[in-house]
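Pasted below: query-v5.tsv, TSV, C-alpha atoms.
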chain	number	residue	atom	x	y	z
A	1	MET	CA	19.49	5.77	-1.69
A	2	ARG	CA	17.00	3.15	-2.79
A	3	VAL	CA	13.55	2.65	-1.26
A	4	THR	CA	10.94	0.04	-2.06
A	5	PHE	CA	7.30	0.50	-1.10
A	6	VAL	CA	5.33	-2.75	-0.95
A	7	ARG	CA	1.56	-2.94	-0.88
A	8	HIS	CA	0.22	-5.36	1.73
A	9	GLY	CA	-0.93	-8.86	0.80
A	10	GLN	CA	-4.55	-9.71	0.11
A	11	SER	CA	-6.74	-8.58	3.03
A	12	THR	CA	-10.21	-9.76	3.95
A	13	GLY	CA	-11.53	-6.50	2.46
A	14	ASN	CA	-9.70	-7.16	-0.82
A	15	ALA	CA	-11.33	-10.58	-0.88
A	16	GLY	CA	-14.79	-8.98	-0.76
A	17	GLN	CA	-15.59	-9.57	2.89
A	18	PRO	CA	-17.39	-6.87	4.92
A	19	THR	CA	-15.06	-4.39	6.63
A	20	ARG	CA	-15.62	-3.50	10.29
A	21	ASP	CA	-12.29	-1.90	11.22
A	22	LEU	CA	-9.99	-0.43	8.59
A	23	VAL	CA	-7.02	-0.46	10.95
A	24	ALA	CA	-7.42	-4.04	12.21
A	25	MET	CA	-8.36	-5.71	8.90
A	26	PRO	CA	-6.18	-8.87	8.63
A	27	LEU	CA	-4.65	-10.77	5.75
A	28	THR	CA	-6.36	-13.76	4.20
A	29	PRO	CA	-4.49	-17.10	3.90
A	30	LEU	CA	-3.56	-16.01	0.38
A	31	GLY	CA	-2.27	-12.69	1.73
A	32	THR	CA	-0.11	-14.52	4.27
A	33	ALA	CA	1.33	-16.68	1.48
A	34	GLN	CA	2.04	-13.57	-0.58
A	35	ALA	CA	3.87	-11.96	2.37
A	36	ARG	CA	6.09	-15.02	2.68
A	37	GLN	CA	6.77	-14.93	-1.05
A	38	VAL	CA	7.83	-11.27	-0.80
A	39	ALA	CA	10.19	-12.07	2.07
A	40	ALA	CA	11.80	-14.91	0.15
A	41	GLY	CA	12.30	-12.75	-2.95
A	42	TRP	CA	14.46	-9.92	-1.59
A	43	ALA	CA	17.87	-9.82	-3.28
A	44	GLY	CA	19.67	-8.28	-0.32
A	45	GLU	CA	19.32	-7.04	3.24
A	46	PRO	CA	17.88	-3.55	3.84
A	47	THR	CA	19.20	-1.02	6.29
A	48	HIS	CA	15.67	-0.16	7.46
A	49	ILE	CA	12.23	-1.79	7.49
A	50	VAL	CA	9.19	0.44	7.88
A	51	SER	CA	5.50	-0.46	8.16
A	52	SER	CA	2.18	1.29	8.23
A	53	PRO	CA	0.44	0.90	11.60
A	54	PHE	CA	-2.45	-0.98	9.94
A	55	LEU	CA	-2.55	-4.70	10.76
A	56	ARG	CA	-2.51	-5.94	7.16
A	57	ALA	CA	0.70	-4.03	6.44
A	58	ARG	CA	2.38	-5.20	9.66
A	59	GLN	CA	1.41	-8.81	8.90
A	60	THR	CA	2.92	-8.43	5.41
A	61	ALA	CA	6.14	-7.05	6.87
A	62	GLU	CA	6.48	-9.80	9.46
A	63	PRO	CA	8.10	-12.52	7.27
A	64	THR	CA	10.61	-9.96	5.98
A	65	CYS	CA	11.45	-9.00	9.57
A	66	VAL	CA	11.95	-12.69	10.38
A	67	ARG	CA	14.29	-13.09	7.40
A	68	PHE	CA	16.34	-10.03	8.47
A	69	PRO	CA	16.28	-10.22	12.30
A	70	GLY	CA	19.05	-7.66	12.70
A	71	VAL	CA	17.03	-4.93	10.98
A	72	PRO	CA	14.54	-3.23	13.30
A	73	MET	CA	11.06	-2.35	12.05
A	74	ALA	CA	9.72	1.17	12.56
A	75	ILE	CA	6.09	2.28	12.32
A	76	TRP	CA	5.50	5.40	10.21
A	77	PRO	CA	2.24	7.10	9.19
A	78	ILE	CA	2.25	5.56	5.70
A	79	HIS	CA	-1.23	4.08	6.16
A	80	GLU	CA	-3.98	3.97	3.56
A	81	PHE	CA	-5.87	7.02	2.33
A	82	THR	CA	-9.24	6.90	4.13
A	83	TYR	CA	-11.49	9.38	2.35
A	84	LEU	CA	-14.88	7.98	3.38
A	85	SER	CA	-15.84	8.37	7.04
A	86	PRO	CA	-15.42	4.82	8.46
A	87	ALA	CA	-18.30	5.14	10.94
A	88	ARG	CA	-20.82	5.36	8.10
A	89	TRP	CA	-19.56	2.22	6.38
A	90	VAL	CA	-19.14	-0.39	9.12
A	91	ASP	CA	-19.65	-3.98	7.91
A	92	THR	CA	-19.89	-2.99	4.24
A	93	THR	CA	-18.11	-4.44	1.22
A	94	ARG	CA	-16.11	-2.67	-1.46
A	95	ALA	CA	-19.03	-3.11	-3.86
A	96	GLN	CA	-21.43	-1.44	-1.42
A	97	ARG	CA	-19.10	1.52	-0.98
A	98	ARG	CA	-18.49	1.97	-4.69
A	99	PRO	CA	-21.19	4.64	-5.36
A	100	ALA	CA	-19.88	6.78	-2.50
A	101	VAL	CA	-16.31	6.32	-3.74
A	102	GLU	CA	-17.25	7.49	-7.23
A	103	ALA	CA	-19.14	10.48	-5.80
A	104	TYR	CA	-16.10	11.49	-3.75
A	105	TRP	CA	-13.80	11.54	-6.76
A	106	ALA	CA	-16.40	13.23	-8.99
A	107	GLN	CA	-16.59	16.10	-6.49
A	108	GLY	CA	-12.90	16.80	-7.11
A	109	ASP	CA	-12.31	18.91	-4.00
A	110	PRO	CA	-8.86	18.19	-2.51
A	111	ALA	CA	-9.80	19.93	0.76
A	112	HIS	CA	-13.04	17.98	1.33
A	113	VAL	CA	-13.21	15.82	4.50
A	114	ASP	CA	-16.06	13.30	4.45
A	115	GLY	CA	-16.43	13.10	8.23
A	116	GLU	CA	-14.91	11.71	11.41
A	117	GLY	CA	-11.95	9.44	10.75
A	118	ALA	CA	-11.53	10.58	7.13
A	119	GLU	CA	-8.85	12.79	5.62
A	120	SER	CA	-8.76	15.04	2.60
A	121	PHE	CA	-6.81	14.38	-0.57
A	122	SER	CA	-4.53	17.29	0.33
A	123	GLN	CA	-3.81	15.65	3.68
A	124	VAL	CA	-2.72	12.36	2.12
A	125	LEU	CA	-0.44	14.28	-0.25
A	126	ARG	CA	1.16	16.00	2.75
A	127	ARG	CA	1.70	12.58	4.38
A	128	ALA	CA	3.39	11.35	1.20
A	129	GLU	CA	5.63	14.42	1.14
A	130	GLN	CA	6.50	13.94	4.81
A	131	ALA	CA	7.40	10.29	4.25
A	132	LEU	CA	9.71	11.23	1.38
A	133	ALA	CA	11.31	13.98	3.45
A	134	ARG	CA	11.89	11.55	6.32
A	135	LEU	CA	13.51	9.09	3.92
A	136	ALA	CA	15.65	11.84	2.38
A	137	ALA	CA	17.07	12.62	5.83
A	138	LEU	CA	18.57	9.11	6.09
A	139	PRO	CA	22.17	8.38	4.98
A	140	GLU	CA	22.81	8.17	1.23
A	141	ASP	CA	23.66	4.45	1.34
A	142	THR	CA	20.29	3.59	2.89
A	143	GLU	CA	18.03	0.88	1.51
A	144	VAL	CA	14.53	0.85	2.97
A	145	PHE	CA	11.65	-1.60	2.57
A	146	LEU	CA	8.31	0.09	3.37
A	147	PHE	CA	5.11	-1.93	3.78
A	148	SER	CA	2.21	0.31	2.89
A	149	HIS	CA	-1.05	0.55	0.91
A	150	GLY	CA	-2.10	0.99	-2.69
A	151	GLN	CA	-3.55	4.49	-2.74
A	152	PHE	CA	-0.86	5.85	-0.43
A	153	MET	CA	1.72	4.46	-2.85
A	154	GLN	CA	-0.09	6.20	-5.71
A	155	ALA	CA	0.13	9.45	-3.72
A	156	VAL	CA	3.88	8.91	-3.32
A	157	ARG	CA	4.24	8.28	-7.06
A	158	LEU	CA	2.27	11.42	-7.89
A	159	THR	CA	4.36	13.47	-5.47
A	160	VAL	CA	7.59	12.30	-7.11
A	161	GLU	CA	6.41	12.58	-10.71
A	162	ARG	CA	4.47	15.87	-10.41
A	163	PRO	CA	6.43	18.14	-8.05
A	164	GLY	CA	4.92	21.56	-7.71
A	165	GLU	CA	1.60	20.65	-9.33
A	166	ALA	CA	-1.52	21.96	-7.56
A	167	ASP	CA	-3.43	19.55	-5.34
A	168	ALA	CA	-6.57	19.94	-7.46
A	169	ASP	CA	-4.68	18.96	-10.61
A	170	LYS	CA	-3.12	15.98	-8.86
A	171	MET	CA	-6.56	14.89	-7.68
A	172	ALA	CA	-7.93	15.10	-11.23
A	173	ARG	CA	-5.13	12.77	-12.38
A	174	PHE	CA	-5.28	10.39	-9.45
A	175	TRP	CA	-8.55	8.48	-9.84
A	176	PRO	CA	-8.36	7.85	-13.61
A	177	PHE	CA	-4.81	6.54	-13.17
A	178	GLU	CA	-5.88	4.41	-10.20
A	179	GLN	CA	-8.60	2.83	-12.34
A	180	ARG	CA	-6.20	2.09	-15.21
A	181	SER	CA	-3.20	1.00	-13.13
A	182	PRO	CA	-4.15	-0.01	-9.58
A	183	VAL	CA	-1.41	-1.20	-7.25
A	184	LEU	CA	-1.91	-4.94	-6.80
A	185	ASN	CA	-1.39	-6.86	-3.58
A	186	CYS	CA	2.35	-7.08	-2.82
A	187	GLN	CA	3.24	-4.97	-5.85
A	188	LYS	CA	6.36	-2.85	-5.28
A	189	LEU	CA	7.09	0.79	-6.11
A	190	VAL	CA	10.85	1.31	-6.34
A	191	LEU	CA	12.41	4.77	-5.97
A	192	ASP	CA	15.91	6.11	-5.77
A	193	ARG	CA	17.31	9.46	-4.77
A	194	GLY	CA	20.28	11.25	-6.26
A	195	ARG	CA	21.28	14.90	-6.51
A	196	SER	CA	18.48	15.71	-4.04
A	197	LEU	CA	15.81	14.42	-6.42
A	198	TRP	CA	13.54	11.39	-6.19
A	199	ARG	CA	13.01	9.19	-9.22
A	200	VAL	CA	10.60	6.31	-9.86
A	201	LEU	CA	12.67	3.35	-11.03
A	202	GLY	CA	9.65	1.16	-11.72
A	203	ASP	CA	7.08	-1.29	-10.41
A	204	GLU	CA	7.63	-4.92	-9.54
A	205	MET	CA	4.65	-7.27	-9.27
A	206	LEU	CA	4.47	-10.48	-7.32
A	207	MET	CA	4.28	-13.22	-9.93
A	208	PRO	CA	1.61	-14.35	-10.47
A	209	PRO	CA	-0.17	-11.34	-8.91
A	210	GLU	CA	-3.13	-11.93	-6.60
A	211	THR	CA	-3.64	-15.49	-7.84
A	212	PRO	CA	-5.63	-17.76	-5.50
A	213	VAL	CA	-3.71	-20.71	-4.10
A	214	LEU	CA	-4.96	-24.14	-3.15
A	215	LEU	CA	-5.36	-24.87	0.53
A	216	ASP	CA	-4.40	-28.12	2.24
A	217	PRO	CA	-6.90	-29.90	4.56
A	218	ALA	CA	-5.68	-27.81	7.50
A	219	GLY	CA	-6.37	-24.59	5.63
A	220	ALA	CA	-2.74	-23.70	4.94
A	221	PRO	CA	-1.79	-22.35	1.49
A	222	VAL	CA	-0.08	-24.82	-0.84
A	223	LEU	CA	2.56	-22.73	-2.58
A	224	GLY	CA	3.31	-23.52	-6.18
A	225	GLU	CA	-0.20	-24.64	-7.04
A	226	ARG	CA	-2.88	-22.24	-8.19
A	227	ARG	CA	-6.25	-22.03	-9.82
A	228	GLY	CA	-7.19	-19.57	-12.48
A	229	GLY	CA	-7.98	-15.90	-12.39
A	230	MET	CA	-7.04	-12.82	-10.47
A	231	ALA	CA	-8.72	-12.11	-7.16

Could the structure of this file be written out as structure tokens, please?
Amino acid sequence: MRVTFVRHGQSTGNAGQPTRDLVAMPLTPLGTAQARQVAAGWAGEPTHIVSSPFLRARQTAEPTCVRFPGVPMAIWPIHEFTYLSPARWVDTTRAQRRPAVEAYWAQGDPAHVDGEGAESFSQVLRRAEQALARLAALPEDTEVFLFSHGQFMQAVRLTVERPGEADADKMARFWPFEQRSPVLNCQKLVLDRGRSLWRVLGDEMLMPPETPVLLDPAGAPVLGERRGGMA
């Protein structure tokens, strides 16, 4: 069994715009171009396509679904880890939320729930475990493409690489690793399963990762042309 998690393309939140609704946050024109690039780059057809219910993940999955029309898409709870209560941060940017983010991770309590609409670190680990268990129940010759989110993918990685480790220890590892090696837009996390064990095969980045593209007069991305720097 081989499964490939894909982080969504650049969203309006990734681009620094204020966030009103974490679920309905859309892709930017660059994110849409990245999703098309992912769809064009698959080497073969999957047996299953899965998406998070969040709009930015579903929009990223859409070009892949168009390329493989015979493969149905399922919605699984592989959405992003929301550890700050959304109601307290409506119409804020990532920079504005940064002090609260750092305070959350400094607290280091895997059972802490920030408020309505948030989940604890332990809860996101359980979701990662449940996703892996659901995948493991599929036939051995399965190949699945899953369109998800950066910190959920980090939780999946941690679950595979640190089985049996306490939630508190996993939480202590998580944020420093996330700062050193964040999952970029449309980056892939590739796993396989053999002898009842999951293994991380590696990461694949969209090349060039998160690079702004030029837009034509109608506002459509011009693929193949770019201007410097990562978003």

**Request:** Find, counting all atoms listed in the file, the residue in A:Phe177, A:Tyr104, A:Phe5, A:Trp42 that gets nearest to Ser148 of chain A.
**Result:**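 Ranking A:Phe177, A:Tyr104, A:Phe5, A:Trp42 by distance to Ser148 of chain A, first place goes to A:Phe5.
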
**Message:** For a test of reading the model, state the distance in Å between atom CA of Gly202 of chain A and atom CA of Tyr83 of chain A, rounded to one decimal.
**Reply:** 26.7 Å

**Request:** Could you check which of A:Val144, A:Cys65, A:Ala74, A:Leu55 is closest to Thr28 of chain A, using only C-alpha atoms?
**Result:**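 Between A:Val144, A:Cys65, A:Ala74, A:Leu55, the residue approaching Thr28 of chain A most closely is A:Leu55.
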
**Asked** With all atoms listed in the file as the basis for distance, which of A:Arg88, A:Lys188, A:His112, A:His149 is at the shortest distance from Arg20 of chain A?
**Response**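 With all atoms listed in the file as the atom set, the closest residue is A:Arg88.
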
**Prompt:** Hey, which of A:Glu129, A:Ser196, A:Asp91, A:Met207 ends up closest to Gln34 of chain A? Count all atoms listed in the file.
**Reply:**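 Ranked by minimum distance to Gln34 of chain A, first place goes to A:Met207.
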
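If all atoms listed in the file are the atoms counted, then among A:Leu132, A:Ile75, A:Ala40, A:Val101 the closest residue to Trp175 of chain A is A:Val101.
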
**Asked** Please, what distance in Å, to one decimal, runs between atom CA of Gln59 of chain A and atom CA of Thr32 of chain A?
**Response** 7.5 Å

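Here atom CA of Ala168 of chain A stands at a distance of 24.5 Å from atom CA of Arg134 of chain A.
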
**Item:** Contacts of Arg94 of chain A at 9 Å (all atoms listed in the file; same-chain gap of 5+ positions) as a PyMOL selection string
**Value:** chain A and resi 13-14+16-19

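Minimum atom-to-atom distance to Asp169 of chain A, evaluated using only C-alpha atoms, belongs to A:Gly108 out of A:Val183, A:Gly117, A:Gly108, A:Arg157.
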